[in-house]
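**Student:** One structure follows; several queries about it will come next.
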Amino acid sequence: MADVQNGDFCSRNPLELFEQVTTQGEKVRSLKAEKAPKDEIEAAVKLLLSLKLSYKTATGQEYKAGSPPTDFTPVSNGPGDAEDEDFVDPWSVQTSNAKGVDYDKLIVRFGSSKIDKDLINRIERVTGHKPHHFLRRGIFFSHRDMNQILDAYENKKPFYLYTGRGPSSEAMHVGHLIPIMFTKWLQEMFNVPLVIQLTDDEKYLWKDLTVEKAYQYAIENIKDLIACGFDINKTFIFSDLDYLGTSPEFYKNILKVQKHVTFNQVKGIFGFTDSDCIGKISFPAIQAAPSFCTSFPQIFNNRKDVQCLIPCAIDQDPYFRMTRDVAPRIGYPKPALMHSVFFPALQGAQTKMSASDPNSSIFLTDTPKQIKTKINKHAFSGGKDTVEEHRKYGGNCDVDVSYMYLTFFLEDDDKLEQIKQAYTSGALLTGELKKALIETLQPLIAAHQQRRKQVTSEMVKEFMTPRKLAFDY
């Protein structure tokens with residue numbers, strides 16, 4: 001799946017589209033009033049219709065003169081100022097709020113549903129297990145059609161899991177583990193097949209990489225995925241560069257999606273411009289195709305009705321809003337989704353980790369010393385400037401990156417609450433909070449590195465071989 005990267009996306013938000021349609025409409029009227037040449041008027045009208053279609057795609061509403069899109073303006077964490085706006089798309093996440101993105105507003109903007117207490121309780125009843133701490137703590141906070149998945153499971157109807165990884169570097173960082181850890185838990189709870197897509201083709205198109213280097217990164221990332229402990233009998237991991245050339249059914253689904261999504265629609269959804277290469281414009285169909293079970297005939301025995309559940313970060317939702325729109329038109333069930341929050345950079349929650357900036361991330365290849373140094377030197381603190389002030393006023397867990405990281409990786413709810421209370425009261429100092437994070441991450445990453453050493457080329461090949469899994473369809 002696409003990773004966030006800055007600078008590749010020239011977005012037109014709904015309000016900007018509204019203004020462009022208005023301006024173009026005035027131009028058309030002016031040309032007609034001036035009795036301009038017919039071909040000039042036709043070209044202007046064609047552009048106006050294109051803008052109106054982009055506006056409808058972006059908002060779900062027809063353009064109405066004088067009625068700007070009040071429900072689809074960019075999400076804002078505070079009153080008024082444009083510089084306070086949250087910006088979220090598959091390539092870039094920006095917010096000026098030290099607490100991070102306002103996810104409640106993002107739910108409204110994207111039109112998804114909140115994972116509330118009722119849904120968490122239902123998941124617990126259906127699985128018979130305590131919900132994952134990512135659910136209990138709101139780290140997976142939004143969904144589409146999760147109740148349908150639970151209905152299917154209760155009625156003994158099959159579904160499968162699909163997640164992905166955009167291999168932009170040889171080493172993954174701890175933020176990449178969030179959807180992977182949760183997907184593994186879902187697979188264990190529901191005992192279902194899992195497909196994991198490595199979008200090495202996407203990384204070749206978006207980054208300054210050769211095809212060979214993108215594929216090499218995919219293989220290295222697959223070793224990390226295998227080290228996370230997935231069951232080889234229930235999991236198929238594939239590289240687009242590898243699988244696309246060997247699977248006619250996968251390619252057929254890509255073609256079906258491409259035929260049912262117009263250029264204007266992808267421009268409206270993803271902000272592509274006329275200067276983007278055609279590979280970028282066609283790529284969303286490749287990320288959509290694993291949502292359909294016929295892309296994997298070796299697993300699903302050519303069935304067309306097995307629904308898919310996709311755990312992913314919320315920035316990937318535009319791909320799957322497009323997919324859900326297309327699915328019924330090509331005879332498939334809509335994929336369901338569960339969305340996670342963003343994993344913050346060490347420097348603060350305004351940005352996501354970047355694989356290109358080693359100091360913004362804790363990598364799975366980092367040594368215990370590197371982990372300690374990075375956290376002590378770079379982790380943004382919510383503590384006060386002096387020990388005296390901190391003891392008196394306490395720290396702010398809402399903006400403290402070390403505490404944020406503990407919410408992801410410290411599974412003990414009681415211990416996490418004790419740390420929060422101690423830090424908020426001033427009893428726990430920033431250095432002590434950072435020490436707690438270091439002591440949590442060092443053994444976790446060391447254990448991952450030991451497991452990864454056991455991953456052989458033969459294991460990678462077996463996980464990547466299209467084959468029947470341990471399920472009958």
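By order of appearance in the structure tokens: chains A, B, ..., then residues from 1 within every chain, and ligands from 1 in the order shown.
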Run DSSP on the backbone of this structure and report the residues of range 126-220 of chain A it assigns to helix (DSSP H, G or I), as number ranges by chain.
**Tutor:** A: 126-127, 133-136, 146-154, 174-190, 200-206, 211-220
**Student:** With only C-alpha atoms counted and 9 Å as the cut-off, give the residues of range 238-354 of chain A in contact with range 108-130 of chain A, each with its shortest interatomic distance in Å and the pair that gives it, as CSV.
**Tutor:**
residue,atom,partner,partner_atom,distance
A:Asp317,CA,A:Phe110,CA,8.0
A:Pro318,CA,A:Phe110,CA,8.4
A:Arg321,CA,A:Phe110,CA,8.9
A:Met338,CA,A:Ile115,CA,8.5
**Student:** Take the residues just selected and output them with N, CA and C atoms as a PDB file, in the first residue's frame.
**Tutor:**
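Output file again_17.pdb follows:
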ATOM      1  N   ASP A 317      -7.772   5.214   2.880  1.00  0.00           N
ATOM      2  CA  ASP A 317      -9.207   5.107   2.612  1.00  0.00           C
ATOM      3  C   ASP A 317      -9.614   5.587   1.218  1.00  0.00           C
ATOM      4  N   PRO A 318      -9.001   6.639   0.638  1.00  0.00           N
ATOM      5  CA  PRO A 318      -9.420   7.043  -0.709  1.00  0.00           C
ATOM      6  C   PRO A 318      -9.349   5.918  -1.741  1.00  0.00           C
ATOM      7  N   ARG A 321     -12.475   3.784  -0.966  1.00  0.00           N
ATOM      8  CA  ARG A 321     -13.742   4.426  -1.321  1.00  0.00           C
ATOM      9  C   ARG A 321     -13.993   4.240  -2.812  1.00  0.00           C
ATOM     10  N   MET A 338     -11.173  -1.348   8.407  1.00  0.00           N
ATOM     11  CA  MET A 338     -10.927  -0.850   9.755  1.00  0.00           C
ATOM     12  C   MET A 338      -9.722   0.075   9.666  1.00  0.00           C
TER      13      MET A 338
END
**Student:** For range 169-177 of chain A, list every protein, DNA or RNA residue within 9 Å, evaluated using only C-alpha atoms, and leave out those in the same chain fewer than 3 positions away; present the list as a PyMOL selection string.
**Tutor:** chain A and resi 165-166+180-182+214+216-221+224-225+228+342-345+352-356+361-365+445
**Student:** Please produce an output containing N, CA and C atoms for each residue in the selection, written as a CSV table (one decimal), in the first residue's frame.
**Tutor:**
chain,number,residue,atom,x,y,z
A,165,ARG,N,1.8,-3.3,2.2
A,165,ARG,CA,3.0,-2.6,2.6
A,165,ARG,C,3.6,-2.0,1.3
A,166,GLY,N,3.9,-0.7,1.4
A,166,GLY,CA,4.6,0.0,0.3
A,166,GLY,C,6.1,0.0,0.6
A,180,ILE,N,0.1,-4.3,10.7
A,180,ILE,CA,0.5,-5.7,10.7
A,180,ILE,C,0.2,-6.5,11.9
A,181,MET,N,0.5,-5.9,13.1
A,181,MET,CA,0.2,-6.5,14.4
A,181,MET,C,-1.4,-6.8,14.5
A,182,PHE,N,-2.1,-5.8,14.1
A,182,PHE,CA,-3.6,-5.9,14.3
A,182,PHE,C,-4.2,-6.9,13.3
A,214,ALA,N,13.3,-1.6,-6.2
A,214,ALA,CA,12.0,-1.6,-5.6
A,214,ALA,C,11.6,-3.1,-5.2
A,216,GLN,N,13.8,-5.5,-4.7
A,216,GLN,CA,14.7,-5.9,-3.6
A,216,GLN,C,14.1,-5.4,-2.2
A,217,TYR,N,13.6,-4.2,-2.2
A,217,TYR,CA,13.0,-3.7,-1.0
A,217,TYR,C,11.8,-4.5,-0.6
A,218,ALA,N,11.0,-4.9,-1.6
A,218,ALA,CA,9.9,-5.8,-1.3
A,218,ALA,C,10.3,-7.1,-0.6
A,219,ILE,N,11.3,-7.7,-1.1
A,219,ILE,CA,11.8,-9.0,-0.6
A,219,ILE,C,12.3,-8.8,0.9
A,220,GLU,N,13.0,-7.7,1.1
A,220,GLU,CA,13.5,-7.4,2.5
A,220,GLU,C,12.3,-7.2,3.4
A,221,ASN,N,11.3,-6.4,3.0
A,221,ASN,CA,10.2,-6.1,3.8
A,221,ASN,C,9.4,-7.4,4.1
A,224,ASP,N,10.6,-9.2,7.0
A,224,ASP,CA,10.1,-8.6,8.3
A,224,ASP,C,8.7,-9.0,8.6
A,225,LEU,N,7.9,-9.1,7.5
A,225,LEU,CA,6.5,-9.5,7.7
A,225,LEU,C,6.4,-11.0,8.2
A,228,CYS,N,7.0,-11.4,11.8
A,228,CYS,CA,5.9,-11.0,12.7
A,228,CYS,C,5.1,-12.2,13.1
A,342,PHE,N,-2.6,7.6,12.8
A,342,PHE,CA,-1.3,7.6,12.3
A,342,PHE,C,-0.3,7.5,13.5
A,343,PHE,N,0.8,6.9,13.1
A,343,PHE,CA,1.9,6.7,14.1
A,343,PHE,C,2.8,7.9,14.0
A,344,PRO,N,3.0,8.7,15.1
A,344,PRO,CA,3.7,10.0,15.0
A,344,PRO,C,5.2,9.8,14.9
A,345,ALA,N,5.8,10.8,14.3
A,345,ALA,CA,7.3,10.9,14.3
A,345,ALA,C,7.8,11.2,15.7
A,352,LYS,N,3.9,12.2,10.3
A,352,LYS,CA,4.1,10.8,10.4
A,352,LYS,C,5.6,10.5,10.3
A,353,MET,N,6.0,9.3,10.7
A,353,MET,CA,7.4,8.9,10.6
A,353,MET,C,7.7,8.8,9.1
A,354,SER,N,9.0,9.0,8.8
A,354,SER,CA,9.5,9.0,7.4
A,354,SER,C,10.6,8.0,7.3
A,355,ALA,N,10.5,7.1,6.4
A,355,ALA,CA,11.6,6.1,6.2
A,355,ALA,C,12.9,6.8,5.7
A,356,SER,N,12.7,8.0,5.1
A,356,SER,CA,13.9,8.7,4.6
A,356,SER,C,14.6,9.5,5.6
A,361,SER,N,12.4,8.2,13.1
A,361,SER,CA,11.8,6.8,13.3
A,361,SER,C,12.7,5.9,14.1
A,362,ILE,N,12.0,4.9,14.8
A,362,ILE,CA,12.7,3.8,15.4
A,362,ILE,C,12.6,2.7,14.4
A,363,PHE,N,13.7,2.3,13.8
A,363,PHE,CA,13.7,1.2,12.8
A,363,PHE,C,13.8,-0.2,13.4
A,364,LEU,N,13.3,-1.2,12.7
A,364,LEU,CA,13.4,-2.5,13.1
A,364,LEU,C,14.8,-3.1,13.1
A,365,THR,N,15.7,-2.3,12.5
A,365,THR,CA,17.1,-2.7,12.4
A,365,THR,C,18.0,-2.0,13.5
A,445,ILE,N,12.0,-5.0,19.8
A,445,ILE,CA,12.8,-5.0,18.5
A,445,ILE,C,13.9,-6.0,18.5
**Student:** Do you have the CA of Glu212 in chain A-CA of Asp366 in chain A distance handy?
**Tutor:**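 Between these atoms lies a distance of 25.1 Å.
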**Student:** Using only C-alpha atoms, can you tell me which of A:Lys52, A:Lys468, A:Lys374, A:Arg329 comes closest to Gln265 in chain A?
**Tutor:**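 Smallest distance to Gln265 in chain A is found for A:Lys52.
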**Student:** Check the smallest atom-to-atom distance from each of A:Lys392, A:Lys334, A:Lys234, A:Lys304 to Val195 in chain A using only C-alpha atoms, then report the winner.
**Tutor:**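 Checking each of A:Lys392, A:Lys334, A:Lys234, A:Lys304 against Val195 in chain A, counting only C-alpha atoms, the winner is A:Lys234.
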**Student:** Show which residues sit within 12 Å of Asn253 in chain A, as a PyMOL selection string. Count only C-alpha atoms, and ignore same-chain residues fewer than 3 positions away.
**Tutor:** chain A and resi 244+247-250+256-260+284-297+304+323+326-327+330-332
**Student:** Would you mind writing down, as a list in words, each residue of range 275-461 of chain A that DSSP on the backbone assigns to strand (DSSP E or B)?
**Tutor:** Gln307, Cys308, Leu309, Ile310, Pro311, Cys312, Ala313, Ala336, Leu337, Met338, His339, Ser340, Pro344, Ala345, Gly348, Ala349, Gln350, Thr351, Lys352 and Phe363 of chain A
**Student:** Using only C-alpha atoms, which of A:Gln307, A:Thr367, A:Gln24, A:Gln316 sits nearest Phe270 in chain A?
**Tutor:**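 With only C-alpha atoms as the atom set, the closest residue is A:Gln316.
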**Student:** Within 12 Å of Ser50 in chain A, counting only C-alpha atoms, which residues qualify if same-chain residues fewer than 6 places away don't, as a PyMOL selection string?
**Tutor:** chain A and resi 17+20-21+24-25+43-44+56-57+63+262-268
**Student:** Please identify all polymer residues within 12 Å of Gly279 in chain A, counting only C-alpha atoms, omitting same-chain residues fewer than 2 positions from it, and present them as a ChimeraX atom specification.
**Tutor:** /A:201-206,258,272,275-277,281-286
